Every structure is written in C-alpha cells, then in structure tokens.
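Undergrad: Just one file: query.cif, with mmCIF, C-alpha atoms.
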```cif
data_model
loop_
_atom_site.label_atom_id
_atom_site.label_comp_id
_atom_site.auth_asym_id
_atom_site.auth_seq_id
_atom_site.Cartn_x
_atom_site.Cartn_y
_atom_site.Cartn_z
CA MET A 977 27.55 -12.45 -21.66
CA GLU A 978 25.96 -15.24 -19.67
CA THR A 979 22.49 -16.12 -18.51
CA ILE A 980 22.33 -15.66 -14.76
CA ARG A 981 19.27 -16.53 -12.72
CA PHE A 982 18.65 -15.52 -9.15
CA THR A 983 15.83 -14.43 -6.87
CA VAL A 984 15.29 -10.81 -5.89
CA ASN A 985 12.79 -9.97 -3.19
CA GLY A 986 11.07 -13.29 -3.74
CA LYS A 987 10.85 -13.04 -7.54
CA SER A 988 12.93 -15.12 -9.93
CA VAL A 989 14.89 -13.08 -12.45
CA GLU A 990 17.02 -14.03 -15.43
CA LEU A 991 19.57 -11.68 -16.95
CA GLN A 992 21.81 -11.87 -20.01
CA ILE A 993 24.74 -10.08 -18.49
CA ASP A 994 28.52 -9.91 -18.17
CA PRO A 995 29.10 -12.13 -15.13
CA GLN A 996 31.59 -9.64 -13.67
CA THR A 997 28.98 -6.86 -13.57
CA PRO A 998 28.59 -5.67 -9.98
CA LEU A 999 25.30 -6.84 -8.47
CA LEU A 1000 24.53 -3.18 -7.70
CA TRP A 1001 24.29 -2.31 -11.39
CA ALA A 1002 22.27 -5.42 -12.18
CA LEU A 1003 19.79 -4.37 -9.51
CA ARG A 1004 19.66 -0.68 -10.37
CA GLU A 1005 20.05 -0.59 -14.14
CA ARG A 1006 18.68 -3.93 -15.29
CA LEU A 1007 15.99 -4.55 -12.69
CA GLY A 1008 15.06 -0.95 -11.82
CA LEU A 1009 15.55 -1.44 -8.09
CA THR A 1010 17.06 1.98 -7.39
CA GLY A 1011 16.60 1.89 -3.63
CA THR A 1012 20.10 0.47 -3.32
CA LYS A 1013 22.57 3.34 -3.74
CA PHE A 1014 26.04 3.68 -5.21
CA GLY A 1015 28.52 5.17 -2.75
CA CYS A 1016 32.21 4.42 -3.16
CA GLY A 1017 32.21 1.42 -5.47
CA MET A 1018 34.97 -0.18 -3.37
CA ALA A 1019 33.10 -1.72 -0.42
CA LEU A 1020 34.25 1.07 1.84
CA CYS A 1021 31.00 2.85 2.75
CA GLY A 1022 28.18 0.29 3.01
CA THR A 1023 25.72 2.39 1.03
CA CYS A 1024 25.09 -0.45 -1.43
CA THR A 1025 24.37 -3.09 1.24
CA VAL A 1026 21.86 -5.78 0.28
CA HIS A 1027 21.24 -9.27 1.63
CA VAL A 1028 22.37 -12.43 -0.09
CA ASN A 1029 20.78 -15.42 1.62
CA GLY A 1030 20.21 -13.17 4.62
CA ASN A 1031 23.79 -11.97 4.93
CA ALA A 1032 24.68 -8.32 4.38
CA VAL A 1033 26.97 -7.85 1.39
CA GLY A 1034 28.32 -4.89 -0.50
CA SER A 1035 26.60 -5.12 -3.87
CA CYS A 1036 29.13 -2.82 -5.53
CA VAL A 1037 31.92 -5.41 -5.16
CA THR A 1038 29.81 -8.52 -5.58
CA PRO A 1039 29.90 -9.78 -9.17
CA VAL A 1040 26.45 -10.78 -10.30
CA SER A 1041 27.82 -14.26 -11.01
CA ALA A 1042 28.26 -14.71 -7.24
CA VAL A 1043 24.49 -14.60 -6.68
CA ARG A 1044 23.61 -17.21 -9.31
CA ASP A 1045 20.72 -19.24 -7.86
CA GLN A 1046 20.91 -17.24 -4.62
CA GLN A 1047 18.29 -15.21 -2.72
CA VAL A 1048 18.86 -11.45 -2.89
CA THR A 1049 16.91 -8.97 -0.78
CA THR A 1050 17.07 -5.22 -1.37
CA ILE A 1051 15.61 -2.37 0.64
CA GLU A 1052 12.48 -2.67 -1.50
CA GLY A 1053 12.05 -6.25 -0.28
CA LEU A 1054 12.55 -5.69 3.44
CA SER A 1055 8.75 -5.66 3.75
CA ARG A 1056 5.80 -4.87 1.47
CA ASP A 1057 4.19 -2.40 3.85
CA ARG A 1058 6.96 -0.83 5.92
CA SER A 1059 6.17 -3.28 8.70
CA HIS A 1060 9.69 -4.56 9.24
CA PRO A 1061 10.81 -3.55 12.74
CA VAL A 1062 13.77 -1.68 11.27
CA GLN A 1063 11.49 0.37 9.01
CA ARG A 1064 9.10 1.11 11.88
CA ALA A 1065 11.95 2.14 14.15
CA TRP A 1066 13.57 4.30 11.46
CA LEU A 1067 10.30 6.15 10.94
CA GLN A 1068 9.61 6.53 14.63
CA ILE A 1069 13.08 7.87 15.46
CA GLN A 1070 13.24 9.86 12.18
CA VAL A 1071 16.77 8.64 11.61
CA PRO A 1072 17.68 10.03 8.16
CA GLN A 1073 19.06 13.46 7.42
CA CYS A 1074 19.96 13.50 3.73
CA GLY A 1075 19.00 9.82 3.58
CA TYR A 1076 21.45 8.64 0.94
CA CYS A 1077 23.15 6.04 3.11
CA GLN A 1078 20.01 4.91 4.88
CA PRO A 1079 19.01 1.95 2.64
CA GLY A 1080 22.41 0.45 3.38
CA GLN A 1081 22.15 1.30 7.07
CA MET A 1082 18.75 -0.34 7.31
CA MET A 1083 19.86 -3.48 5.49
CA GLY A 1084 22.89 -3.72 7.80
CA ALA A 1085 20.64 -3.26 10.85
CA ALA A 1086 18.19 -5.90 9.60
CA ALA A 1087 21.04 -8.37 9.08
CA LEU A 1088 22.27 -7.70 12.61
CA LEU A 1089 18.84 -8.19 14.19
CA ALA A 1090 18.33 -11.40 12.26
CA VAL A 1091 21.17 -12.97 14.24
CA ASN A 1092 21.12 -10.89 17.43
CA LYS A 1093 17.73 -10.01 18.90
CA ASN A 1094 19.17 -7.94 21.72
CA PRO A 1095 22.35 -6.23 20.53
CA SER A 1096 24.45 -4.13 22.88
CA ASP A 1097 25.88 -0.76 21.87
CA SER A 1098 29.14 -2.56 21.19
CA ASP A 1099 27.43 -5.19 19.03
CA ILE A 1100 25.77 -2.42 17.03
CA ASP A 1101 29.02 -0.49 16.62
CA ASP A 1102 30.83 -3.63 15.40
CA ALA A 1103 28.08 -4.67 13.03
CA MET A 1104 27.47 -1.23 11.58
CA ALA A 1105 31.14 -0.21 11.29
CA GLY A 1106 31.02 -0.74 7.53
CA ASN A 1107 28.16 1.71 6.99
CA LEU A 1108 29.22 5.35 6.85
CA CYS A 1109 26.96 8.39 7.21
CA ARG A 1110 28.31 11.79 6.17
CA CYS A 1111 25.43 13.49 8.02
CA GLY A 1112 26.50 11.83 11.26
CA THR A 1113 23.22 10.18 12.15
CA TYR A 1114 25.01 7.44 14.05
CA ALA A 1115 23.40 8.26 17.40
CA ARG A 1116 19.92 7.98 15.92
CA ILE A 1117 20.87 4.82 14.02
CA ARG A 1118 22.00 3.17 17.23
CA LYS A 1119 18.84 4.31 19.05
CA ALA A 1120 16.66 3.03 16.21
CA ILE A 1121 18.37 -0.37 16.22
CA HIS A 1122 17.66 -0.72 19.94
CA LEU A 1123 14.03 0.23 19.26
CA ALA A 1124 13.81 -2.19 16.32
CA ALA A 1125 15.16 -4.93 18.59
CA GLU A 1126 12.41 -4.18 21.11
CA LEU A 1127 9.82 -4.18 18.34
CA SER A 1128 11.16 -7.52 17.09
CA ARG A 1129 10.80 -8.98 20.55
CA GLY A 1130 7.26 -7.62 20.77
CA GLN A 1131 8.08 -5.35 23.69
CA LYS A 1132 6.69 -2.18 22.07
CA MET B 277 113.13 -56.66 27.63
CA THR B 278 110.42 -58.67 29.31
CA GLY B 279 109.94 -55.75 31.63
CA HIS B 280 108.91 -53.53 28.63
CA ALA B 281 106.64 -56.12 26.98
CA ILE B 282 103.63 -55.57 29.19
CA PRO B 283 103.74 -51.73 29.04
CA ASN B 284 104.07 -51.91 25.22
CA PHE B 285 101.09 -54.22 25.07
CA LEU B 286 99.10 -51.92 27.32
CA LEU B 287 100.15 -48.93 25.23
CA ARG B 288 98.90 -50.61 22.05
CA VAL B 289 95.61 -51.50 23.70
CA ALA B 290 95.24 -47.92 24.86
CA ILE B 291 95.93 -46.56 21.37
CA TRP B 292 93.37 -48.93 19.93
CA MET B 293 90.81 -47.89 22.49
CA VAL B 294 91.39 -44.23 21.75
CA ALA B 295 91.07 -44.92 18.02
CA VAL B 296 87.86 -46.83 18.54
CA PHE B 297 86.45 -44.11 20.74
CA PHE B 298 87.27 -41.12 18.53
CA TYR B 299 87.05 -42.63 15.05
CA VAL B 300 85.25 -45.93 14.81
CA LEU B 301 82.53 -45.26 17.39
CA PRO B 302 81.34 -41.97 15.82
CA LEU B 303 81.19 -43.69 12.43
CA PHE B 304 79.13 -46.44 13.97
CA LEU B 305 76.83 -44.02 15.74
CA GLU B 306 76.37 -41.95 12.60
CA SER B 307 75.46 -45.01 10.55
CA SER B 308 73.00 -46.08 13.24
CA GLY B 309 71.33 -42.65 13.63
CA GLY B 310 73.13 -41.55 16.76
CA PRO B 311 73.44 -38.09 18.34
CA GLN B 312 75.51 -36.56 15.50
CA ALA B 313 72.99 -37.69 12.91
CA ASN B 314 70.20 -36.39 15.10
CA ALA B 315 71.96 -33.05 15.42
CA GLN B 316 72.31 -32.81 11.64
CA GLU B 317 68.64 -33.70 11.20
CA ASN B 318 67.73 -31.09 13.79
CA ASP B 319 69.78 -28.45 11.97
CA LYS B 320 68.10 -29.35 8.66
CA SER B 321 64.70 -29.08 10.32
CA VAL B 322 65.44 -25.71 11.88
CA LEU B 323 66.80 -24.42 8.57
CA ALA B 324 63.67 -25.61 6.79
CA PHE B 325 61.49 -23.87 9.35
CA ARG B 326 63.32 -20.59 8.87
CA GLY B 327 62.15 -20.71 5.27
CA VAL B 328 58.60 -21.49 6.40
CA ALA B 329 58.72 -18.61 8.88
CA SER B 330 59.82 -16.16 6.21
CA VAL B 331 56.45 -16.76 4.55
CA LEU B 332 54.42 -16.84 7.77
CA THR B 333 55.75 -13.40 8.68
CA SER B 334 55.01 -11.86 5.29
CA PRO B 335 52.15 -9.33 5.15
CA ARG B 336 49.92 -11.77 3.29
CA CYS B 337 49.91 -14.07 6.35
CA LEU B 338 50.42 -11.53 9.15
CA ASN B 339 47.37 -9.47 8.23
CA CYS B 340 45.09 -12.24 9.47
CA HIS B 341 47.46 -13.98 11.89
CA THR B 342 47.22 -11.04 14.26
CA SER B 343 46.46 -10.72 17.96
CA ALA B 344 44.29 -7.65 17.27
CA ASP B 345 40.51 -8.08 17.45
CA GLY B 346 40.25 -7.41 13.73
CA PRO B 347 42.27 -7.94 10.56
CA LEU B 348 45.11 -5.81 9.29
CA GLN B 349 45.58 -4.84 5.67
CA GLY B 350 48.18 -3.64 3.21
CA ASP B 351 51.88 -4.38 3.02
CA ASP B 352 52.40 -2.19 6.11
CA ASN B 353 49.96 -4.20 8.26
CA HIS B 354 47.72 -1.25 9.12
CA PRO B 355 44.36 -1.86 10.81
CA HIS B 356 41.59 -2.83 8.40
CA ALA B 357 39.42 0.09 7.32
CA MET B 358 36.06 0.59 9.03
CA ASN B 359 37.15 -1.01 12.30
CA VAL B 360 36.28 -4.45 10.97
CA LYS B 361 36.16 -7.04 13.76
CA ARG B 362 37.29 -10.67 13.87
CA GLY B 363 34.11 -12.13 15.43
CA THR B 364 34.22 -15.31 17.47
CA ASP B 365 34.45 -17.58 14.42
CA GLY B 366 36.99 -15.39 12.65
CA LYS B 367 34.51 -14.54 9.89
CA GLY B 368 33.51 -11.08 11.06
CA SER B 369 30.84 -9.61 13.30
CA ALA B 370 27.13 -10.32 13.03
CA ALA B 371 26.20 -7.99 10.19
CA LEU B 372 29.67 -7.28 8.89
CA ARG B 373 30.94 -10.66 7.82
CA CYS B 374 34.13 -10.95 5.80
CA ARG B 375 31.94 -12.25 2.98
CA ALA B 376 30.12 -8.89 2.85
CA CYS B 377 33.02 -7.58 0.77
CA HIS B 378 35.42 -10.46 0.10
CA GLN B 379 34.15 -12.72 -2.65
CA THR B 380 35.47 -16.10 -3.75
CA GLU B 381 38.05 -14.42 -5.98
CA ASN B 382 39.76 -11.06 -6.31
CA ALA B 383 37.46 -8.34 -7.62
CA GLN B 384 38.42 -7.68 -11.22
CA PHE B 385 38.18 -3.90 -11.03
CA LEU B 386 40.47 -1.17 -9.72
CA ASN B 387 40.85 -1.20 -5.92
CA GLY B 388 38.43 -4.11 -5.68
CA SER B 389 38.46 -6.29 -2.59
CA PRO B 390 40.70 -9.36 -2.64
CA GLY B 391 38.90 -12.67 -2.32
CA ALA B 392 39.17 -16.42 -1.85
CA ALA B 393 36.61 -19.12 -1.15
CA ASP B 394 37.23 -19.39 2.58
CA TRP B 395 38.16 -15.81 3.47
CA GLN B 396 38.49 -15.49 7.25
CA LEU B 397 40.82 -14.93 10.18
CA PRO B 398 41.68 -17.63 12.70
CA PRO B 399 38.90 -17.90 15.32
CA ALA B 400 39.09 -15.66 18.39
CA ALA B 401 39.88 -18.63 20.67
CA THR B 402 42.97 -19.57 18.62
CA PRO B 403 44.16 -16.40 16.85
CA MET B 404 47.52 -17.94 15.88
CA ALA B 405 49.09 -14.50 15.96
CA TRP B 406 52.66 -14.24 14.68
CA LYS B 407 53.37 -10.55 14.98
CA GLY B 408 56.02 -9.77 17.61
CA LEU B 409 57.05 -13.42 18.06
CA THR B 410 60.54 -14.77 17.42
CA THR B 411 60.96 -17.50 14.81
CA GLY B 412 61.26 -20.07 17.60
CA GLU B 413 58.11 -18.82 19.29
CA ILE B 414 56.19 -19.00 16.02
CA CYS B 415 57.44 -22.54 15.53
CA ARG B 416 56.37 -23.66 18.99
CA ALA B 417 52.97 -21.97 18.60
CA LEU B 418 52.50 -23.70 15.26
CA LYS B 419 53.10 -27.08 16.91
CA ASP B 420 50.97 -26.43 19.99
CA PRO B 421 47.57 -28.19 19.58
CA ALA B 422 46.09 -25.86 22.19
CA LYS B 423 46.92 -22.89 19.98
CA ASN B 424 46.70 -24.29 16.46
CA GLY B 425 43.19 -25.71 16.43
CA ASN B 426 44.31 -29.17 17.60
CA ARG B 427 46.44 -29.83 14.51
CA SER B 428 49.44 -32.10 14.27
CA PRO B 429 52.37 -30.82 12.16
CA GLN B 430 51.11 -33.09 9.34
CA ASP B 431 47.66 -31.46 9.60
CA LEU B 432 49.26 -28.13 8.65
CA ILE B 433 49.82 -29.32 5.09
CA PRO B 434 46.10 -29.39 4.14
CA HIS B 435 45.75 -25.88 5.61
CA MET B 436 48.48 -24.68 3.27
CA GLU B 437 46.51 -26.13 0.35
CA THR B 438 43.35 -24.09 1.06
CA SER B 439 42.30 -21.47 -1.43
CA LEU B 440 42.82 -18.79 1.23
CA VAL B 441 46.48 -19.68 1.74
CA ARG B 442 46.97 -20.16 -2.01
CA TRP B 443 45.59 -16.64 -2.47
CA ALA B 444 48.79 -15.28 -0.85
CA TRP B 445 50.57 -16.06 -4.13
CA SER B 446 47.93 -14.37 -6.29
CA PRO B 447 46.87 -11.40 -4.16
CA GLY B 448 46.18 -9.02 -6.99
CA PRO B 449 47.95 -5.76 -7.85
CA GLY B 450 49.51 -3.61 -5.14
CA ARG B 451 50.22 -6.45 -2.71
CA ILE B 452 53.68 -7.98 -2.35
CA LEU B 453 54.15 -11.73 -2.64
CA PRO B 454 55.62 -13.97 0.09
CA PRO B 455 59.41 -14.32 -0.20
CA LEU B 456 59.27 -17.98 -1.36
CA SER B 457 57.25 -19.49 -4.17
CA ARG B 458 54.30 -21.58 -3.02
CA GLU B 459 55.99 -24.78 -4.20
CA GLU B 460 59.16 -23.94 -2.29
CA PHE B 461 57.15 -23.00 0.80
CA VAL B 462 55.26 -26.32 0.81
CA SER B 463 58.52 -28.17 0.14
CA ARG B 464 60.20 -26.50 3.13
CA LEU B 465 57.15 -27.20 5.29
CA LYS B 466 57.23 -30.89 4.40
CA GLU B 467 60.99 -31.03 4.94
CA TRP B 468 60.54 -29.43 8.37
CA ILE B 469 57.92 -32.02 9.31
CA ASP B 470 59.87 -34.97 7.86
CA THR B 471 62.99 -33.98 9.77
CA GLY B 472 61.24 -33.89 13.12
CA ALA B 473 59.60 -30.42 13.12
CA ALA B 474 62.41 -28.98 15.21
CA CYS B 475 62.19 -25.38 16.36
CA PRO B 476 64.87 -22.71 16.60
CA GLU B 477 65.74 -21.50 20.11
#
```
As structure tokens - that is how I would like this structure written.
TA:
Amino acid sequence: METIRFTVNGKSVELQIDPQTPLLWALRERLGLTGTKFGCGMALCGTCTVHVNGNAVGSCVTPVSAVRDQQVTTIEGLSRDRSHPVQRAWLQIQVPQCGYCQPGQMMGAAALLAVNKNPSDSDIDDAMAGNLCRCGTYARIRKAIHLAAELSRGQK
Amino acid sequence: MTGHAIPNFLLRVAIWMVAVFFYVLPLFLESSGGPQANAQENDKSVLAFRGVASVLTSPRCLNCHTSADGPLQGDDNHPHAMNVKRGTDGKGSAALRCRACHQTENAQFLNGSPGAADWQLPPAATPMAWKGLTTGEICRALKDPAKNGNRSPQDLIPHMETSLVRWAWSPGPGRILPPLSREEFVSRLKEWIDTGAACPE
C-alpha cells in the first residue's frame, strides 16, 4: 500500500492503495465515481476512457501510481451542468442506445475536440477507433461530434 | 660466358621484382592499411551489421518500424487492434494516443498492454520501415540522414539506449525476444560503426 495523491475533477484526493490498482477501480470503488464503466479490462474497448492531463487514457490499464500528482477528469467532471459541447450534442442527437459505452465515447470525443476544433470524418474515425459500441451507434456518434465541434466554435 | 652475364642479371632483377610485387608489397600495404586491410575491415563491418539486422527485423522492432499508417502487433506482425493510427508525430491520433493504453512499464496483469517511457512509432515523415527490405537496404536506410531523422551512425547508439528499445528485451509474457542479447546487439552495432558502417550489397 502507498499513499497516492492526485486531482479528480478539480478536487484533490489521497488514497492508501496498492499502486498497481487500475485507475478505474480507484475511481469507481474508492471514490464512488461510477460514471466510468468497466468493459474489457484490457484497453481494447475504450469504455473506461478518462482524461489524464487532458489526454484520453484507458483507466482499466492505467495503474493508479501513473496518475500521482496528475489531473484526472471523468465523465462526471466534463461539466457541472451538462454544458460541455459534447454533452449538448449527445443530448441533441440522442446518441446512446443502451448507453454503456457512452461515457468513454464522450470522453474520447472531448479529447479529440480539445486538439481539433474542426475534425473531418476521417479524423473522427481515427480518434474514436479505440471506442467500441455494441449497439452500433457510430453514425450518431460521428454526427454528434460534428455538432459538438460547431457548438465549440459558437456556430450553433 | 660474358654473353650470358647480362641475361642472368636481368633474370635475377626480374625475379626480385616479381617477389617484391607479390610478397613484399602486399605485406607493406597490409601494414599500412591498404586495400586488403580495407577489404577485411569492410567484411567485418558487414558481418557485424548482419547481427544488427537480425534484431532490427525481429517482431519487437518491426511492429513499429513499419510502412503502414499504424503499428503492428504480436509475433506475427498483424495490424494493431482497433485500427490504431501512427499520427504525424508517431504517437497516435488526436484522441487515441499511444499513451492512452501504453504506460511507462508493462501492465502487471494478464493480457495487459506492454509499456515503456517513450512508447511511439517513428514519425510519419521518417517511418524507418524495415519490412520487405533486404539487409543491405535496411543498412543504407539506417545511414541515410534523410530517412533516419538526421542521425549519424554514432547517433544511433543513444537511440538503442532508450527505454523503448530496451523494452524489446523485456517485452512481457507471450512475446519472443530478439535473437541477440541486448549487450551483444549494442556490441555489434558499435563494431559496425567502428569498422566503417559498411553495408551488404
């Protein structure tokens, strides 16, 4: 066990924890942030995507020791009032079907838009390739990312 | 008798000249680094590079030194799952960076992602792809500053000391090791450079 401090959604946290514990379980089981979902546990599906210092990472394969003194953002921290362009676009397009993968999809989309304000279909496909959806909502995801980009640019 | 004296003298001179040409001169040239010595040095260099190439063409190197627009994986060099892309800097696409899954060390659980501190492919502008090249072509690519990120042969040594390259010798379970030990690989690389960095045909 070690003491590991990091910031989650703007709040400092300190955990006594096995440093090899996946960040996902630290978030869900120790901090109660259950918006981030467990999918494959092997970084193959993107369901557990969170941001570390703004970059999308798979929290199921990230040992909690890797985020020591780092800034972690989960789906709960994307905005306080659903005002993030990705959240607005997701609601407007009604993207989810079963919804299980959607926190990861939205975090992936937000990471993309943070570095590319006007992504092409190809940019979206490349960036979102690590996020799987068994319901097949890919067409709506792509449409919502385009809308979120427009919202980010203040065009809608 | 006098009539034979001059031809005998000439014959002796000729024998001496032949001896000098075929025996003494090569010894002199060898001791002074002449063509024969150069040829031997060249052969040593090429032999050393063949050892280097045996590592460069192992799956641990080939999976990132690929001409594809994304990494390969596994000992059979199959395309990386999820259509992962190289990105211009070799570190993945905008929201799917290598670091999204590959940490600074191998994940310690079953089927976990491998990791090293500087996990990446070569940049898109200089992919340094080995697959499909002959040993000589790999050698010439490795020495070409336009292809190798403007490195001299000596500059290759620090690259081989990076944690990413070192990872090839501790890749975690289920991944074969390069055919030479890391120490032997670096030794062959240095020998290749010290002997003139010659390339096979």
Undergrad: Go through chain B and flag each residue having an atom no more than 10 Å from chain A; for those, report the closest pair of atoms plus their distance in Å to one decimal, using only C-alpha atoms, ordered by chain and rising number, as CSV.
TA:
```
residue,atom,partner,partner_atom,distance
B:Ala357,CA,A:Leu1020,CA,7.6
B:Met358,CA,A:Gly1106,CA,5.4
B:Asn359,CA,A:Ala1105,CA,6.1
B:Val360,CA,A:Ala1105,CA,6.7
B:Lys361,CA,A:Asp1102,CA,6.5
B:Arg362,CA,A:Asp1102,CA,9.7
B:Gly363,CA,A:Asp1102,CA,9.1
B:Gly368,CA,A:Ala1103,CA,8.6
B:Ser369,CA,A:Ala1103,CA,5.7
B:Ala370,CA,A:Leu1088,CA,5.5
B:Ala371,CA,A:Leu1088,CA,4.6
B:Leu372,CA,A:Ala1103,CA,5.1
B:Arg373,CA,A:Ala1032,CA,7.5
B:Cys374,CA,A:Val1033,CA,9.0
B:Arg375,CA,A:Val1033,CA,6.8
B:Ala376,CA,A:Val1033,CA,3.6
B:Cys377,CA,A:Gly1034,CA,5.6
B:His378,CA,A:Val1037,CA,8.1
B:Gln379,CA,A:Thr1038,CA,6.7
B:Thr380,CA,A:Ala1042,CA,8.1
B:Glu381,CA,A:Ala1042,CA,9.9
B:Asn382,CA,A:Val1037,CA,9.7
B:Ala383,CA,A:Val1037,CA,6.7
B:Gln384,CA,A:Gln996,CA,7.5
B:Phe385,CA,A:Val1037,CA,8.7
B:Leu386,CA,A:Met1018,CA,8.5
B:Asn387,CA,A:Met1018,CA,6.5
B:Gly388,CA,A:Met1018,CA,5.7
B:Ser389,CA,A:Met1018,CA,7.1
B:Pro390,CA,A:Val1037,CA,10.0
```
Undergrad: How would you write, as a tab-separated table (two decimals) with C-alpha atoms, in the frame of the given file, the residues chosen by the PyMOL selection byres ((chain B and resi 395) around 7) on this structure?
TA:
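Wrote it out as part06.tsv, contents follow:
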```tsv
chain	number	residue	atom	x	y	z
B	374	CYS	CA	34.13	-10.95	5.80
B	378	HIS	CA	35.42	-10.46	0.10
B	391	GLY	CA	38.90	-12.67	-2.32
B	392	ALA	CA	39.17	-16.42	-1.85
B	393	ALA	CA	36.61	-19.12	-1.15
B	394	ASP	CA	37.23	-19.39	2.58
B	396	GLN	CA	38.49	-15.49	7.25
B	440	LEU	CA	42.82	-18.79	1.23
```
Undergrad: What separation in Å, quoted to one decimal, exists between CA of Ser343 in chain B and CA of Cys1109 in chain A?
TA: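 Separation of CA of Ser343 in chain B and CA of Cys1109 in chain A: 29.3 Å.
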Undergrad: What gap, in Å, lies between CA of Glu467 in chain B and CA of Arg442 in chain B?
TA: 19.1 Å
Undergrad: Taking the file as shown, find all residues satisfying the PyMOL selection byres ((chain B and resi 337) around 12) and write them as a ChimeraX atom specification.
TA: /B:328-336,338-342,347-351,353,396-398,404-407,436,440-445,447,451-455
Undergrad: Tell me, as a ChimeraX atom specification, which residues lie within 8 Å of Pro1079 in chain A, counting only C-alpha atoms; anything in the same chain fewer than 6 positions away does not count.
TA: /A:1011-1013,1023-1025,1051
Undergrad: Could you state the separation of CA of Ser439 in chain B and CA of Val462 in chain B in Å, given to one decimal place?
TA: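 CA of Ser439 in chain B sits 14.0 Å away from CA of Val462 in chain B.
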Undergrad: Check the smallest atom-to-atom distance from each of B:Pro449, B:Ile469, B:Leu456, B:Pro399 to Pro429 in chain B using all atoms listed in the file, then report the winner.
TA: B:Ile469
Undergrad: Set the distance at 12 Å and use all atoms listed in the file: which residues neighbour Gly425 in chain B once local chain neighbours fewer than 5 positions away are removed? I'd like the list as a VMD selection string.
TA: chain B and resid 398 to 404 417 to 420 431 to 432 435
Undergrad: Report the centre and edge lengths, in Å to one decimal, of an axis-aligned box enclosing every atom of range 1029-1046 of chain A listed in the file, padded by 8 Å on each side, as JSON.
TA:
```
{"center_x": 26.1, "center_y": -11.0, "center_z": -3.0, "size_x": 27.7, "size_y": 32.4, "size_z": 31.9}
```
Undergrad: To verify the selection step, state as number ranges by chain which residues the PyMOL selection byres ((chain A and resi 1118) around 10) yields on this input.
TA: A: 1071, 1085, 1095-1098, 1100-1101, 1104, 1113-1117, 1119-1124
Undergrad: Please provide as a PyMOL selection string all residues within 10 Å of Gln1073 in chain A, with the sequence filter that same-chain residues fewer than 4 positions apart are discarded (counting all atoms listed in the file).
TA: chain A and resi 1077-1078+1109-1113
Undergrad: Using only C-alpha atoms, determine which residues lie at most 8 Å from Asn1029 in chain A, disregarding the query and same-chain residues fewer than 6 positions distant; provide the list as a VMD selection string.
TA: chain A and resid 1046 to 1049
Undergrad: At a cut-off of 8 Å, using only C-alpha atoms, what residues contact Gly1053 in chain A? Leave out same-chain residues fewer than 5 positions from it and give the result as number ranges by chain.
TA: A: 984-986
Undergrad: Can we get range 410-424 of chain B of that structure written down with N, CA and C atoms, as a PDB file, in the first residue's frame?
TA:
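Done, and the output landed in part.pdb:
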```pdb
ATOM      1  N   THR B 410      15.780  -5.691 -48.051  1.00  0.00           N
ATOM      2  CA  THR B 410      16.915  -6.593 -47.873  1.00  0.00           C
ATOM      3  C   THR B 410      17.798  -6.038 -46.754  1.00  0.00           C
ATOM      4  N   THR B 411      18.735  -6.862 -46.290  1.00  0.00           N
ATOM      5  CA  THR B 411      19.641  -6.405 -45.226  1.00  0.00           C
ATOM      6  C   THR B 411      20.429  -5.178 -45.678  1.00  0.00           C
ATOM      7  N   GLY B 412      20.863  -5.194 -46.938  1.00  0.00           N
ATOM      8  CA  GLY B 412      21.605  -4.042 -47.464  1.00  0.00           C
ATOM      9  C   GLY B 412      20.738  -2.794 -47.513  1.00  0.00           C
ATOM     10  N   GLU B 413      19.499  -2.956 -47.909  1.00  0.00           N
ATOM     11  CA  GLU B 413      18.597  -1.798 -47.989  1.00  0.00           C
ATOM     12  C   GLU B 413      18.314  -1.224 -46.596  1.00  0.00           C
ATOM     13  N   ILE B 414      18.163  -2.117 -45.619  1.00  0.00           N
ATOM     14  CA  ILE B 414      17.966  -1.638 -44.241  1.00  0.00           C
ATOM     15  C   ILE B 414      19.186  -0.839 -43.803  1.00  0.00           C
ATOM     16  N   CYS B 415      20.354  -1.373 -44.110  1.00  0.00           N
ATOM     17  CA  CYS B 415      21.610  -0.736 -43.715  1.00  0.00           C
ATOM     18  C   CYS B 415      21.705   0.663 -44.311  1.00  0.00           C
ATOM     19  N   ARG B 416      21.415   0.759 -45.606  1.00  0.00           N
ATOM     20  CA  ARG B 416      21.535   2.068 -46.263  1.00  0.00           C
ATOM     21  C   ARG B 416      20.468   3.041 -45.737  1.00  0.00           C
ATOM     22  N   ALA B 417      19.277   2.528 -45.451  1.00  0.00           N
ATOM     23  CA  ALA B 417      18.237   3.395 -44.875  1.00  0.00           C
ATOM     24  C   ALA B 417      18.667   3.906 -43.505  1.00  0.00           C
ATOM     25  N   LEU B 418      19.294   3.009 -42.745  1.00  0.00           N
ATOM     26  CA  LEU B 418      19.718   3.366 -41.384  1.00  0.00           C
ATOM     27  C   LEU B 418      20.772   4.472 -41.399  1.00  0.00           C
ATOM     28  N   LYS B 419      21.550   4.519 -42.482  1.00  0.00           N
ATOM     29  CA  LYS B 419      22.624   5.514 -42.570  1.00  0.00           C
ATOM     30  C   LYS B 419      22.189   6.798 -43.277  1.00  0.00           C
ATOM     31  N   ASP B 420      20.993   6.790 -43.846  1.00  0.00           N
ATOM     32  CA  ASP B 420      20.551   7.924 -44.654  1.00  0.00           C
ATOM     33  C   ASP B 420      19.924   8.999 -43.760  1.00  0.00           C
ATOM     34  N   PRO B 421      20.594  10.151 -43.576  1.00  0.00           N
ATOM     35  CA  PRO B 421      20.047  11.191 -42.685  1.00  0.00           C
ATOM     36  C   PRO B 421      18.656  11.658 -43.098  1.00  0.00           C
ATOM     37  N   ALA B 422      18.363  11.566 -44.403  1.00  0.00           N
ATOM     38  CA  ALA B 422      17.038  11.997 -44.863  1.00  0.00           C
ATOM     39  C   ALA B 422      15.944  11.053 -44.377  1.00  0.00           C
ATOM     40  N   LYS B 423      16.338   9.809 -44.075  1.00  0.00           N
ATOM     41  CA  LYS B 423      15.347   8.823 -43.641  1.00  0.00           C
ATOM     42  C   LYS B 423      15.393   8.559 -42.136  1.00  0.00           C
ATOM     43  N   ASN B 424      16.540   8.815 -41.522  1.00  0.00           N
ATOM     44  CA  ASN B 424      16.710   8.348 -40.135  1.00  0.00           C
ATOM     45  C   ASN B 424      16.582   9.453 -39.086  1.00  0.00           C
TER      46      ASN B 424
END
```
